[in-house]
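These notes are about the structure you will find just below.
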Amino acid sequence: MTNTHCPYCSLQCGMTLERTGPALEVTPWPEFPVNEGALCRKGWAAAGLRGHRERLTTPLVRDSHTGALRTADWDEALDLVAGRLRDLRETDGPDSVAVFGGGGLTNEKAYQLGKFARVALGTSQIDYNGRWCMSSAASAANQAFGIDRGLPFPLADLEQTDVLVLVGSNLAETMPPAARHLDRLRDRGGRVVVIDPRRTSTADRADLFIQPVPGTDLPLALGLLHLLDAGGAVDEEYIAARTTGFDAVRCTAAGWWPERVERVSGVPAGELRELAGLLAAAGRVVVLTARGAEQHTQGTATVLGWVNVALALGMPGREFSGYGCLTGQGNGQGGREHGQKCDQLPGYRMIDDPAAREHVARVWGVDPASLPGRGRSAYELLDALGTDDGARALLVFGSNIVVSAPNATQVGERLASLDLLVVADIVLSETAALADVVLPVTQWAEETGTMTNLEGRVVLRERAVAPPEGVRSDLDVLAGLAERLSAPGPFHTHPETIFAELGAASAGGHADYAGIDYDRIRAEHGVFWPCPTADHPGTPRMFEGSFPTVDGRARFVDVEHVGAAEQPCEDYPVHLTTGRVLAQYQSGAQTRRIRDLADPGPFVEMHPMLADRIGVVDGQPVVVSTRRGELQAPARVVATIRPDTVFVPFHWVGANRLTNDALDPSSRMPEFKACAAAVRS
Ligand code: SF4
């Protein structure tokens, strides 16, 4: 029996794996505190990819004569990749090769991928799919608090607050074991507020449900601050002692009276007043945002708007109170800390900081001047592929970009224009099917590595079974390529050795893992970063005394509402928003292949009034179109969505052919959650 963690979302539920003959059985691990033995449907079915008939067990290389993928041995595949990369670097320079990572990779893999890009390839062109997940919240948290950790407190603290406000989160469906905290909070007499264009199963648990137009969460925050300030409910003492910048924010909020908010957001002024009353009367308030608020061209501003509300109430740093972001991907937190972002080095250091370069270069045994600078963000990197200015080769680890990228048709065209596309994956995903070389890699349960969950708790996924013959770890792949490229420094393959190196590289950074080791994680059910030394207890709760800013104060940041980049018009009269369903995870490359997670597939959720207008009934096929593409799927007619909005889940090919690639100016997050669409029968 092996205690480990789920392969999917950022809750990283503890589970026990047991071999029963050839099968691998998932059973609860009740002692792990984050989920207390509870698992969602995806967790229970996690072993379903073991022994799957579509599992890749040998490298594939595209045959130059037939154009089809054929099997190859590892030496042939790695020699081919290394040779092509070397040629490209010599003819077109190091930035002719790009690397794309994922928020599901372990910390060790994310770290090694960043090191491989900077040291073995010398390229600045590396980013990852987490850019499309939490980057707006990360940007806002860095601006406001000087640090980015999704939740600055343990998840269980939610039970002890008085009012919990969830902005754009369907927590009950995306991470069901976490919903017990909402139930316990309400059992204690606390209140739950849910803000979402759809009445989701999370909204069903709410005491107050607010249903704004997609892309208008920021005016709600501004209007709320207006009411709190007008009602004398802001915490002047806290603001004076622990923050800067309130005057400008107060001035902007003064222009957002409730009736103006109602005109923009569709939320009745009375509901906003009710929410303001709830917050004004509460001693403890937690505000949490998720993708619904964040995946916008104004995602960073929207999060800052809600952070401003929390700061005005004096909550961050107070017990059972504050602001947090509900991270999405399994290692969405750790994946953004250790160097696979285009502007970062391990430990959440910035790549253009000379001291950071010096420190990390010393750990890597290279000259700081040899490290490349800041590269392009995820979508910009993909959009430049094959152009005069972009990379000509792309290595993809842990991402299925032709399904998950916005404006996915264009991204597919960019991939097709490359000289070389290499994909490391466990199955032939839609992206792997386009590759010139496919490398079969280990999956969860076949490898050991750490993940950092949504609380900043570093947990250990232990290997429970041997991988199928012919499969290698991503760490082996990177080491094999680094050796062929004559890269300086060691590229270890043992996860625990890499974790120790990661700890040294992160030492002194914001995300400091230097005091964490595998034995400690096992003994303590995870360790919260920052944890700078072996005798440091870790940091479950942040900001109690001060904020990690230059002056120790949190910053109010003045933000103003602009709106989604695309607004409904005559040709595209409704709002389109996208999101998840319970049984699927991310691009669905894994979960769509698991029999126990079989579901009817994509759908277009719409209100009965809209269905009437276009003349369809539940289950009938409809076509959703935007300026970028169209998708056909059955209508799901429900009264729980706004009449002016349609919803499409993004786990299947097609949803992201519709979405808008307009980017947030700060986080470079695409606007997945709002664009203009037309629907027809
Ligand atoms: Fe837990 Fe998330 Fe896995 Fe479900 S998908 S079992 S909520 S970690």
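If you're wondering about the labels, chains in the structure tokens are A, B, ... by order shown, residues count from 1 in each chain, ligands from 1 in order shown.
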Practice problem: Write out as JSON, numbers by chain each polymer residue whose atoms come within 7 Å of Gln567 (chain A), counting only C-alpha atoms; drop sequence neighbours fewer than 2 positions from it. | Solution: {"A": [564, 565, 569, 675, 676]}
Could you turn the residues from that selection into a file that holds N, CA and C atoms, as a PDB file, in the first residue's frame?
ATOM      1  N   ALA A 564     -14.973  43.394 -21.175  1.00  0.00           N
ATOM      2  CA  ALA A 564     -14.381  42.352 -22.017  1.00  0.00           C
ATOM      3  C   ALA A 564     -13.985  42.938 -23.367  1.00  0.00           C
ATOM      4  N   ALA A 565     -12.971  42.330 -23.974  1.00  0.00           N
ATOM      5  CA  ALA A 565     -12.469  42.842 -25.251  1.00  0.00           C
ATOM      6  C   ALA A 565     -13.532  42.757 -26.335  1.00  0.00           C
ATOM      7  N   CYS A 569     -22.899  41.960 -30.152  1.00  0.00           N
ATOM      8  CA  CYS A 569     -23.249  42.916 -31.205  1.00  0.00           C
ATOM      9  C   CYS A 569     -24.359  42.271 -32.035  1.00  0.00           C
ATOM     10  N   CYS A 675     -16.624  36.151 -24.515  1.00  0.00           N
ATOM     11  CA  CYS A 675     -16.506  36.701 -25.866  1.00  0.00           C
ATOM     12  C   CYS A 675     -17.909  36.759 -26.453  1.00  0.00           C
ATOM     13  N   ALA A 676     -18.017  37.365 -27.618  1.00  0.00           N
ATOM     14  CA  ALA A 676     -19.329  37.506 -28.249  1.00  0.00           C
ATOM     15  C   ALA A 676     -19.577  36.313 -29.164  1.00  0.00           C
TER      16      ALA A 676
END
Exercise. Could you give me, as a list in words, every polymer residue with an atom at most 8 Å away from an atom of ligand 1, counting only C-alpha atoms and all ligand atoms?
Key: His5, Cys6, Pro7, Tyr8, Cys9, Ser10, Leu11, Gln12, Cys13, Gly14, Asn35, Ala38, Leu39, Cys40, Arg41, Lys42, Gly43, Trp44, Ala46, Thr174, Met175, Pro176, Pro177, Ala178, Gly330 and Tyr585 of chain A
So that I can check the secondary structure, give me every residue of region 328-557 of chain A assigned alpha helix (DSSP H) by backbone DSSP, as a PDB file with N, CA and C atoms, in the first residue's frame.
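Below is the file that was written, out-v2.pdb:
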ATOM      1  N   PRO A 354      19.421  40.746 -11.295  1.00  0.00           N
ATOM      2  CA  PRO A 354      20.822  40.283 -11.325  1.00  0.00           C
ATOM      3  C   PRO A 354      21.175  39.373 -10.148  1.00  0.00           C
ATOM      4  N   ALA A 355      20.658  39.670  -8.957  1.00  0.00           N
ATOM      5  CA  ALA A 355      20.979  38.838  -7.796  1.00  0.00           C
ATOM      6  C   ALA A 355      20.378  37.441  -7.943  1.00  0.00           C
ATOM      7  N   ALA A 356      19.178  37.373  -8.512  1.00  0.00           N
ATOM      8  CA  ALA A 356      18.531  36.076  -8.732  1.00  0.00           C
ATOM      9  C   ALA A 356      19.326  35.252  -9.746  1.00  0.00           C
ATOM     10  N   ARG A 357      19.769  35.894 -10.804  1.00  0.00           N
ATOM     11  CA  ARG A 357      20.547  35.194 -11.842  1.00  0.00           C
ATOM     12  C   ARG A 357      21.844  34.655 -11.262  1.00  0.00           C
ATOM     13  N   GLU A 358      22.476  35.480 -10.455  1.00  0.00           N
ATOM     14  CA  GLU A 358      23.738  35.100  -9.819  1.00  0.00           C
ATOM     15  C   GLU A 358      23.538  33.856  -8.938  1.00  0.00           C
ATOM     16  N   HIS A 359      22.495  33.908  -8.117  1.00  0.00           N
ATOM     17  CA  HIS A 359      22.246  32.808  -7.185  1.00  0.00           C
ATOM     18  C   HIS A 359      21.973  31.502  -7.935  1.00  0.00           C
ATOM     19  N   VAL A 360      21.042  31.565  -8.882  1.00  0.00           N
ATOM     20  CA  VAL A 360      20.638  30.342  -9.576  1.00  0.00           C
ATOM     21  C   VAL A 360      21.781  29.825 -10.459  1.00  0.00           C
ATOM     22  N   ALA A 361      22.485  30.740 -11.107  1.00  0.00           N
ATOM     23  CA  ALA A 361      23.612  30.315 -11.951  1.00  0.00           C
ATOM     24  C   ALA A 361      24.661  29.582 -11.116  1.00  0.00           C
ATOM     25  N   ARG A 362      24.859  30.037  -9.876  1.00  0.00           N
ATOM     26  CA  ARG A 362      25.835  29.362  -9.009  1.00  0.00           C
ATOM     27  C   ARG A 362      25.386  27.922  -8.730  1.00  0.00           C
ATOM     28  N   VAL A 363      24.092  27.749  -8.442  1.00  0.00           N
ATOM     29  CA  VAL A 363      23.574  26.394  -8.186  1.00  0.00           C
ATOM     30  C   VAL A 363      23.718  25.534  -9.441  1.00  0.00           C
ATOM     31  N   TRP A 364      23.521  26.127 -10.599  1.00  0.00           N
ATOM     32  CA  TRP A 364      23.581  25.374 -11.849  1.00  0.00           C
ATOM     33  C   TRP A 364      25.014  25.230 -12.385  1.00  0.00           C
ATOM     34  N   ALA A 378       2.848  32.435 -22.745  1.00  0.00           N
ATOM     35  CA  ALA A 378       2.387  31.204 -23.407  1.00  0.00           C
ATOM     36  C   ALA A 378       1.727  31.453 -24.767  1.00  0.00           C
ATOM     37  N   TYR A 379       0.686  32.266 -24.798  1.00  0.00           N
ATOM     38  CA  TYR A 379      -0.007  32.428 -26.077  1.00  0.00           C
ATOM     39  C   TYR A 379       0.877  33.152 -27.086  1.00  0.00           C
ATOM     40  N   GLU A 380       1.612  34.154 -26.621  1.00  0.00           N
ATOM     41  CA  GLU A 380       2.476  34.898 -27.541  1.00  0.00           C
ATOM     42  C   GLU A 380       3.574  33.999 -28.108  1.00  0.00           C
ATOM     43  N   LEU A 381       4.075  33.092 -27.270  1.00  0.00           N
ATOM     44  CA  LEU A 381       5.083  32.137 -27.740  1.00  0.00           C
ATOM     45  C   LEU A 381       4.496  31.262 -28.853  1.00  0.00           C
ATOM     46  N   LEU A 382       3.290  30.747 -28.611  1.00  0.00           N
ATOM     47  CA  LEU A 382       2.666  29.870 -29.613  1.00  0.00           C
ATOM     48  C   LEU A 382       2.305  30.649 -30.879  1.00  0.00           C
ATOM     49  N   ASP A 383       1.833  31.874 -30.693  1.00  0.00           N
ATOM     50  CA  ASP A 383       1.381  32.666 -31.837  1.00  0.00           C
ATOM     51  C   ASP A 383       2.541  33.086 -32.733  1.00  0.00           C
ATOM     52  N   ALA A 384       3.756  33.077 -32.171  1.00  0.00           N
ATOM     53  CA  ALA A 384       4.923  33.473 -32.968  1.00  0.00           C
ATOM     54  C   ALA A 384       5.583  32.280 -33.666  1.00  0.00           C
ATOM     55  N   ILE A 401      -1.958  21.487 -26.101  1.00  0.00           N
ATOM     56  CA  ILE A 401      -2.248  22.873 -26.430  1.00  0.00           C
ATOM     57  C   ILE A 401      -3.259  23.054 -27.549  1.00  0.00           C
ATOM     58  N   VAL A 402      -3.398  22.088 -28.441  1.00  0.00           N
ATOM     59  CA  VAL A 402      -4.384  22.327 -29.505  1.00  0.00           C
ATOM     60  C   VAL A 402      -5.813  22.234 -28.980  1.00  0.00           C
ATOM     61  N   VAL A 403      -5.982  21.716 -27.771  1.00  0.00           N
ATOM     62  CA  VAL A 403      -7.311  21.737 -27.150  1.00  0.00           C
ATOM     63  C   VAL A 403      -7.420  22.894 -26.161  1.00  0.00           C
ATOM     64  N   SER A 404      -6.331  23.177 -25.447  1.00  0.00           N
ATOM     65  CA  SER A 404      -6.453  24.122 -24.332  1.00  0.00           C
ATOM     66  C   SER A 404      -6.102  25.563 -24.681  1.00  0.00           C
ATOM     67  N   ALA A 408      -7.847  28.205 -30.892  1.00  0.00           N
ATOM     68  CA  ALA A 408      -7.056  26.981 -31.074  1.00  0.00           C
ATOM     69  C   ALA A 408      -6.794  26.642 -32.539  1.00  0.00           C
ATOM     70  N   THR A 409      -7.657  27.065 -33.431  1.00  0.00           N
ATOM     71  CA  THR A 409      -7.417  26.767 -34.848  1.00  0.00           C
ATOM     72  C   THR A 409      -6.125  27.436 -35.301  1.00  0.00           C
ATOM     73  N   GLN A 410      -5.970  28.686 -34.897  1.00  0.00           N
ATOM     74  CA  GLN A 410      -4.746  29.399 -35.282  1.00  0.00           C
ATOM     75  C   GLN A 410      -3.519  28.749 -34.646  1.00  0.00           C
ATOM     76  N   VAL A 411      -3.644  28.307 -33.403  1.00  0.00           N
ATOM     77  CA  VAL A 411      -2.514  27.645 -32.741  1.00  0.00           C
ATOM     78  C   VAL A 411      -2.152  26.364 -33.496  1.00  0.00           C
ATOM     79  N   GLY A 412      -3.151  25.602 -33.932  1.00  0.00           N
ATOM     80  CA  GLY A 412      -2.885  24.396 -34.723  1.00  0.00           C
ATOM     81  C   GLY A 412      -2.123  24.734 -35.998  1.00  0.00           C
ATOM     82  N   GLU A 413      -2.486  25.840 -36.638  1.00  0.00           N
ATOM     83  CA  GLU A 413      -1.782  26.259 -37.861  1.00  0.00           C
ATOM     84  C   GLU A 413      -0.334  26.621 -37.550  1.00  0.00           C
ATOM     85  N   ARG A 414      -0.117  27.275 -36.420  1.00  0.00           N
ATOM     86  CA  ARG A 414       1.261  27.625 -36.033  1.00  0.00           C
ATOM     87  C   ARG A 414       2.094  26.360 -35.791  1.00  0.00           C
ATOM     88  N   LEU A 415       1.499  25.382 -35.126  1.00  0.00           N
ATOM     89  CA  LEU A 415       2.238  24.137 -34.872  1.00  0.00           C
ATOM     90  C   LEU A 415       2.595  23.454 -36.193  1.00  0.00           C
ATOM     91  N   ALA A 416       1.667  23.499 -37.134  1.00  0.00           N
ATOM     92  CA  ALA A 416       1.909  22.846 -38.428  1.00  0.00           C
ATOM     93  C   ALA A 416       3.043  23.519 -39.195  1.00  0.00           C
ATOM     94  N   ASP A 474       9.921  11.924 -17.758  1.00  0.00           N
ATOM     95  CA  ASP A 474      10.309  13.191 -18.397  1.00  0.00           C
ATOM     96  C   ASP A 474      11.711  13.600 -17.942  1.00  0.00           C
ATOM     97  N   LEU A 475      12.045  13.252 -16.696  1.00  0.00           N
ATOM     98  CA  LEU A 475      13.378  13.606 -16.164  1.00  0.00           C
ATOM     99  C   LEU A 475      14.465  12.861 -16.937  1.00  0.00           C
ATOM    100  N   ASP A 476      14.195  11.602 -17.278  1.00  0.00           N
ATOM    101  CA  ASP A 476      15.152  10.837 -18.094  1.00  0.00           C
ATOM    102  C   ASP A 476      15.271  11.445 -19.495  1.00  0.00           C
ATOM    103  N   VAL A 477      14.127  11.871 -20.019  1.00  0.00           N
ATOM    104  CA  VAL A 477      14.134  12.467 -21.364  1.00  0.00           C
ATOM    105  C   VAL A 477      15.000  13.720 -21.374  1.00  0.00           C
ATOM    106  N   LEU A 478      14.797  14.587 -20.361  1.00  0.00           N
ATOM    107  CA  LEU A 478      15.565  15.842 -20.312  1.00  0.00           C
ATOM    108  C   LEU A 478      17.046  15.557 -20.123  1.00  0.00           C
ATOM    109  N   ALA A 479      17.361  14.579 -19.264  1.00  0.00           N
ATOM    110  CA  ALA A 479      18.775  14.239 -19.050  1.00  0.00           C
ATOM    111  C   ALA A 479      19.390  13.676 -20.333  1.00  0.00           C
ATOM    112  N   GLY A 480      18.627  12.844 -21.033  1.00  0.00           N
ATOM    113  CA  GLY A 480      19.130  12.248 -22.279  1.00  0.00           C
ATOM    114  C   GLY A 480      19.394  13.304 -23.333  1.00  0.00           C
ATOM    115  N   LEU A 481      18.505  14.270 -23.430  1.00  0.00           N
ATOM    116  CA  LEU A 481      18.708  15.349 -24.409  1.00  0.00           C
ATOM    117  C   LEU A 481      19.856  16.259 -23.977  1.00  0.00           C
ATOM    118  N   ALA A 482      19.913  16.559 -22.670  1.00  0.00           N
ATOM    119  CA  ALA A 482      20.982  17.444 -22.174  1.00  0.00           C
ATOM    120  C   ALA A 482      22.353  16.828 -22.464  1.00  0.00           C
ATOM    121  N   GLU A 483      22.466  15.537 -22.262  1.00  0.00           N
ATOM    122  CA  GLU A 483      23.745  14.862 -22.525  1.00  0.00           C
ATOM    123  C   GLU A 483      24.097  14.949 -24.010  1.00  0.00           C
ATOM    124  N   ARG A 484      23.114  14.703 -24.856  1.00  0.00           N
ATOM    125  CA  ARG A 484      23.380  14.753 -26.304  1.00  0.00           C
ATOM    126  C   ARG A 484      23.718  16.173 -26.769  1.00  0.00           C
ATOM    127  N   PRO A 495      14.321  11.908  -8.595  1.00  0.00           N
ATOM    128  CA  PRO A 495      13.517  13.057  -8.146  1.00  0.00           C
ATOM    129  C   PRO A 495      13.986  13.657  -6.820  1.00  0.00           C
ATOM    130  N   GLU A 496      14.401  12.803  -5.895  1.00  0.00           N
ATOM    131  CA  GLU A 496      14.779  13.348  -4.581  1.00  0.00           C
ATOM    132  C   GLU A 496      16.060  14.186  -4.696  1.00  0.00           C
ATOM    133  N   THR A 497      16.962  13.773  -5.558  1.00  0.00           N
ATOM    134  CA  THR A 497      18.187  14.548  -5.783  1.00  0.00           C
ATOM    135  C   THR A 497      17.848  15.888  -6.434  1.00  0.00           C
ATOM    136  N   ILE A 498      16.923  15.842  -7.393  1.00  0.00           N
ATOM    137  CA  ILE A 498      16.517  17.088  -8.060  1.00  0.00           C
ATOM    138  C   ILE A 498      15.810  17.999  -7.067  1.00  0.00           C
ATOM    139  N   PHE A 499      14.998  17.418  -6.173  1.00  0.00           N
ATOM    140  CA  PHE A 499      14.295  18.252  -5.189  1.00  0.00           C
ATOM    141  C   PHE A 499      15.288  18.969  -4.274  1.00  0.00           C
ATOM    142  N   ALA A 500      16.367  18.272  -3.918  1.00  0.00           N
ATOM    143  CA  ALA A 500      17.382  18.918  -3.074  1.00  0.00           C
ATOM    144  C   ALA A 500      18.032  20.075  -3.838  1.00  0.00           C
ATOM    145  N   GLU A 501      18.285  19.873  -5.130  1.00  0.00           N
ATOM    146  CA  GLU A 501      18.869  20.953  -5.938  1.00  0.00           C
ATOM    147  C   GLU A 501      17.874  22.114  -6.069  1.00  0.00           C
ATOM    148  N   LEU A 502      16.611  21.776  -6.261  1.00  0.00           N
ATOM    149  CA  LEU A 502      15.555  22.803  -6.327  1.00  0.00           C
ATOM    150  C   LEU A 502      15.526  23.603  -5.020  1.00  0.00           C
ATOM    151  N   GLY A 503      15.660  22.905  -3.908  1.00  0.00           N
ATOM    152  CA  GLY A 503      15.667  23.585  -2.609  1.00  0.00           C
ATOM    153  C   GLY A 503      16.799  24.601  -2.537  1.00  0.00           C
ATOM    154  N   ALA A 504      17.978  24.194  -3.007  1.00  0.00           N
ATOM    155  CA  ALA A 504      19.123  25.113  -2.984  1.00  0.00           C
ATOM    156  C   ALA A 504      18.882  26.296  -3.919  1.00  0.00           C
ATOM    157  N   ALA A 505      18.299  26.012  -5.091  1.00  0.00           N
ATOM    158  CA  ALA A 505      18.054  27.093  -6.056  1.00  0.00           C
ATOM    159  C   ALA A 505      16.975  28.053  -5.547  1.00  0.00           C
ATOM    160  N   SER A 506      16.033  27.533  -4.760  1.00  0.00           N
ATOM    161  CA  SER A 506      14.938  28.386  -4.266  1.00  0.00           C
ATOM    162  C   SER A 506      15.319  29.136  -2.990  1.00  0.00           C
ATOM    163  N   TYR A 518      11.910  15.096   1.461  1.00  0.00           N
ATOM    164  CA  TYR A 518      10.868  14.074   1.278  1.00  0.00           C
ATOM    165  C   TYR A 518      10.439  13.473   2.624  1.00  0.00           C
ATOM    166  N   ASP A 519      11.406  13.217   3.513  1.00  0.00           N
ATOM    167  CA  ASP A 519      11.039  12.586   4.789  1.00  0.00           C
ATOM    168  C   ASP A 519      10.140  13.512   5.602  1.00  0.00           C
ATOM    169  N   ARG A 520      10.453  14.796   5.567  1.00  0.00           N
ATOM    170  CA  ARG A 520       9.622  15.753   6.307  1.00  0.00           C
ATOM    171  C   ARG A 520       8.205  15.807   5.744  1.00  0.00           C
ATOM    172  N   ILE A 521       8.106  15.787   4.450  1.00  0.00           N
ATOM    173  CA  ILE A 521       6.769  15.824   3.834  1.00  0.00           C
ATOM    174  C   ILE A 521       5.974  14.598   4.283  1.00  0.00           C
ATOM    175  N   ARG A 522       6.642  13.435   4.248  1.00  0.00           N
ATOM    176  CA  ARG A 522       5.949  12.203   4.669  1.00  0.00           C
ATOM    177  C   ARG A 522       5.493  12.318   6.118  1.00  0.00           C
ATOM    178  N   ALA A 523       6.366  12.828   6.970  1.00  0.00           N
ATOM    179  CA  ALA A 523       6.075  12.856   8.407  1.00  0.00           C
ATOM    180  C   ALA A 523       5.018  13.890   8.775  1.00  0.00           C
ATOM    181  N   GLU A 524       4.940  14.991   7.984  1.00  0.00           N
ATOM    182  CA  GLU A 524       4.091  16.118   8.398  1.00  0.00           C
ATOM    183  C   GLU A 524       2.854  16.313   7.514  1.00  0.00           C
TER     184      GLU A 524
END
Practice problem: List every residue of region 278-517 of chain A that DSSP, applied to the backbone, labels as strand (DSSP E or B), and write the result as a VMD selection string. | Solution: chain A and resid 285 to 289 322 to 325 344 to 345 349 to 350 393 to 397 420 to 425 427 437 to 441 449 to 452 457 to 461 472
Quiz item: Using only C-alpha atoms, which of A:Arg392, A:Lys673, A:Lys341, A:Arg205 sits nearest Ser96 (chain A)?
Solution: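 Going through A:Arg392, A:Lys673, A:Lys341, A:Arg205 one by one, the smallest distance to Ser96 (chain A) is for A:Arg392.
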Quiz item: Residues at most 12 Å from Gln125 (chain A), counting only C-alpha atoms, excluding those fewer than 6 positions away in the same chain, as a ChimeraX atom specification?
Solution: /A:93-101,113-114,116-118,339-344,371-382,384-385,389-395
Quiz item: Which distance in Å separates CA of Ser169 (chain A) and CA of Leu288 (chain A), to one decimal?
Solution: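 A separation of 8.0 Å between them.
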Quiz item: In terms of the shortest atom-to-atom distance over only C-alpha atoms, which of A:Arg131, A:Arg89, A:His607, A:Arg260 is closest to Gln295 (chain A)?
Solution: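 Closest to Gln295 (chain A) of all the choices is A:Arg131.
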Quick one: everything within 10 Å of Gly299 (chain A), counting only C-alpha atoms, minus sequence neighbours fewer than 6 positions away in the same chain. Send it as an mmCIF file with N, CA and C atoms, in the first residue's frame.
data_model
loop_
_atom_site.group_PDB
_atom_site.id
_atom_site.type_symbol
_atom_site.label_atom_id
_atom_site.label_comp_id
_atom_site.auth_asym_id
_atom_site.auth_seq_id
_atom_site.Cartn_x
_atom_site.Cartn_y
_atom_site.Cartn_z
ATOM 1 N N MET A 134 -3.849 30.538 -13.639
ATOM 2 C CA MET A 134 -3.867 31.375 -12.436
ATOM 3 C C MET A 134 -3.064 32.664 -12.576
ATOM 4 N N SER A 135 -2.596 32.992 -13.781
ATOM 5 C CA SER A 135 -1.607 34.067 -13.860
ATOM 6 C C SER A 135 -2.177 35.435 -13.491
ATOM 7 N N SER A 136 -3.471 35.652 -13.701
ATOM 8 C CA SER A 136 -4.033 36.957 -13.321
ATOM 9 C C SER A 136 -4.055 37.095 -11.802
ATOM 10 N N ALA A 137 -4.420 36.025 -11.112
ATOM 11 C CA ALA A 137 -4.404 36.072 -9.647
ATOM 12 C C ALA A 137 -2.970 36.231 -9.150
ATOM 13 N N SER A 139 -0.454 37.704 -10.715
ATOM 14 C CA SER A 139 -0.020 39.071 -10.962
ATOM 15 C C SER A 139 -0.619 40.017 -9.922
ATOM 16 N N ALA A 140 -1.909 39.842 -9.635
ATOM 17 C CA ALA A 140 -2.574 40.715 -8.658
ATOM 18 C C ALA A 140 -1.974 40.516 -7.267
ATOM 19 N N GLY A 215 -17.713 38.835 -17.244
ATOM 20 C CA GLY A 215 -16.759 39.934 -17.417
ATOM 21 C C GLY A 215 -17.097 41.178 -16.629
ATOM 22 N N ASP A 217 -17.280 41.208 -13.022
ATOM 23 C CA ASP A 217 -16.998 41.032 -11.588
ATOM 24 C C ASP A 217 -16.288 42.254 -11.005
ATOM 25 N N LEU A 218 -15.545 42.958 -11.846
ATOM 26 C CA LEU A 218 -14.843 44.141 -11.325
ATOM 27 C C LEU A 218 -15.809 45.264 -10.929
ATOM 28 N N ARG A 291 -11.172 30.973 -11.775
ATOM 29 C CA ARG A 291 -11.007 31.297 -13.189
ATOM 30 C C ARG A 291 -12.115 32.192 -13.730
ATOM 31 N N GLY A 292 -13.327 32.068 -13.201
ATOM 32 C CA GLY A 292 -14.427 32.891 -13.704
ATOM 33 C C GLY A 292 -14.139 34.374 -13.598
ATOM 34 N N ALA A 293 -13.414 34.747 -12.566
ATOM 35 C CA ALA A 293 -13.058 36.161 -12.388
ATOM 36 C C ALA A 293 -11.743 36.503 -13.075
ATOM 37 N N GLY A 305 -9.461 44.339 -7.735
ATOM 38 C CA GLY A 305 -10.687 44.951 -7.227
ATOM 39 C C GLY A 305 -11.206 44.217 -5.999
ATOM 40 N N ALA A 564 -14.973 43.394 -21.175
ATOM 41 C CA ALA A 564 -14.381 42.352 -22.017
ATOM 42 C C ALA A 564 -13.985 42.938 -23.367
ATOM 43 N N LEU A 663 -5.366 39.400 -24.673
ATOM 44 C CA LEU A 663 -4.615 39.103 -23.448
ATOM 45 C C LEU A 663 -4.740 40.210 -22.403
ATOM 46 N N ASP A 664 -4.707 39.790 -21.143
ATOM 47 C CA ASP A 664 -4.583 40.731 -20.025
ATOM 48 C C ASP A 664 -3.208 41.407 -20.141
ATOM 49 N N PRO A 665 -3.144 42.729 -20.053
ATOM 50 C CA PRO A 665 -1.850 43.396 -20.271
ATOM 51 C C PRO A 665 -0.809 43.062 -19.209
ATOM 52 N N SER A 666 -1.216 42.658 -18.047
ATOM 53 C CA SER A 666 -0.259 42.373 -16.989
ATOM 54 C C SER A 666 0.084 40.886 -16.908
ATOM 55 N N SER A 667 -0.920 40.030 -16.852
ATOM 56 C CA SER A 667 -0.658 38.595 -16.661
ATOM 57 C C SER A 667 -0.468 37.853 -17.967
ATOM 58 N N ARG A 668 -0.870 38.447 -19.096
ATOM 59 C CA ARG A 668 -0.887 37.819 -20.424
ATOM 60 C C ARG A 668 -1.852 36.618 -20.451
ATOM 61 N N MET A 669 -2.857 36.693 -19.631
ATOM 62 C CA MET A 669 -3.930 35.683 -19.602
ATOM 63 C C MET A 669 -4.912 35.946 -20.732
ATOM 64 N N PRO A 670 -5.236 34.927 -21.553
ATOM 65 C CA PRO A 670 -6.249 35.136 -22.594
ATOM 66 C C PRO A 670 -7.655 35.240 -21.978
ATOM 67 N N GLU A 671 -8.551 35.825 -22.761
ATOM 68 C CA GLU A 671 -9.911 36.031 -22.246
ATOM 69 C C GLU A 671 -10.788 34.812 -22.570
ATOM 70 N N LYS A 673 -13.030 33.527 -20.685
ATOM 71 C CA LYS A 673 -14.325 33.485 -20.015
ATOM 72 C C LYS A 673 -15.375 34.435 -20.586
#
Quiz prompt | Å distance separating CA of Ala405 (chain A) from CA of Ala655 (chain A), one decimal place | solution = 9.7 Å
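Nearest to Gly324 (chain A) of all the residues A:Gln632, A:Ser370, A:Thr577, A:Thr289 is A:Thr289, counting only C-alpha atoms.
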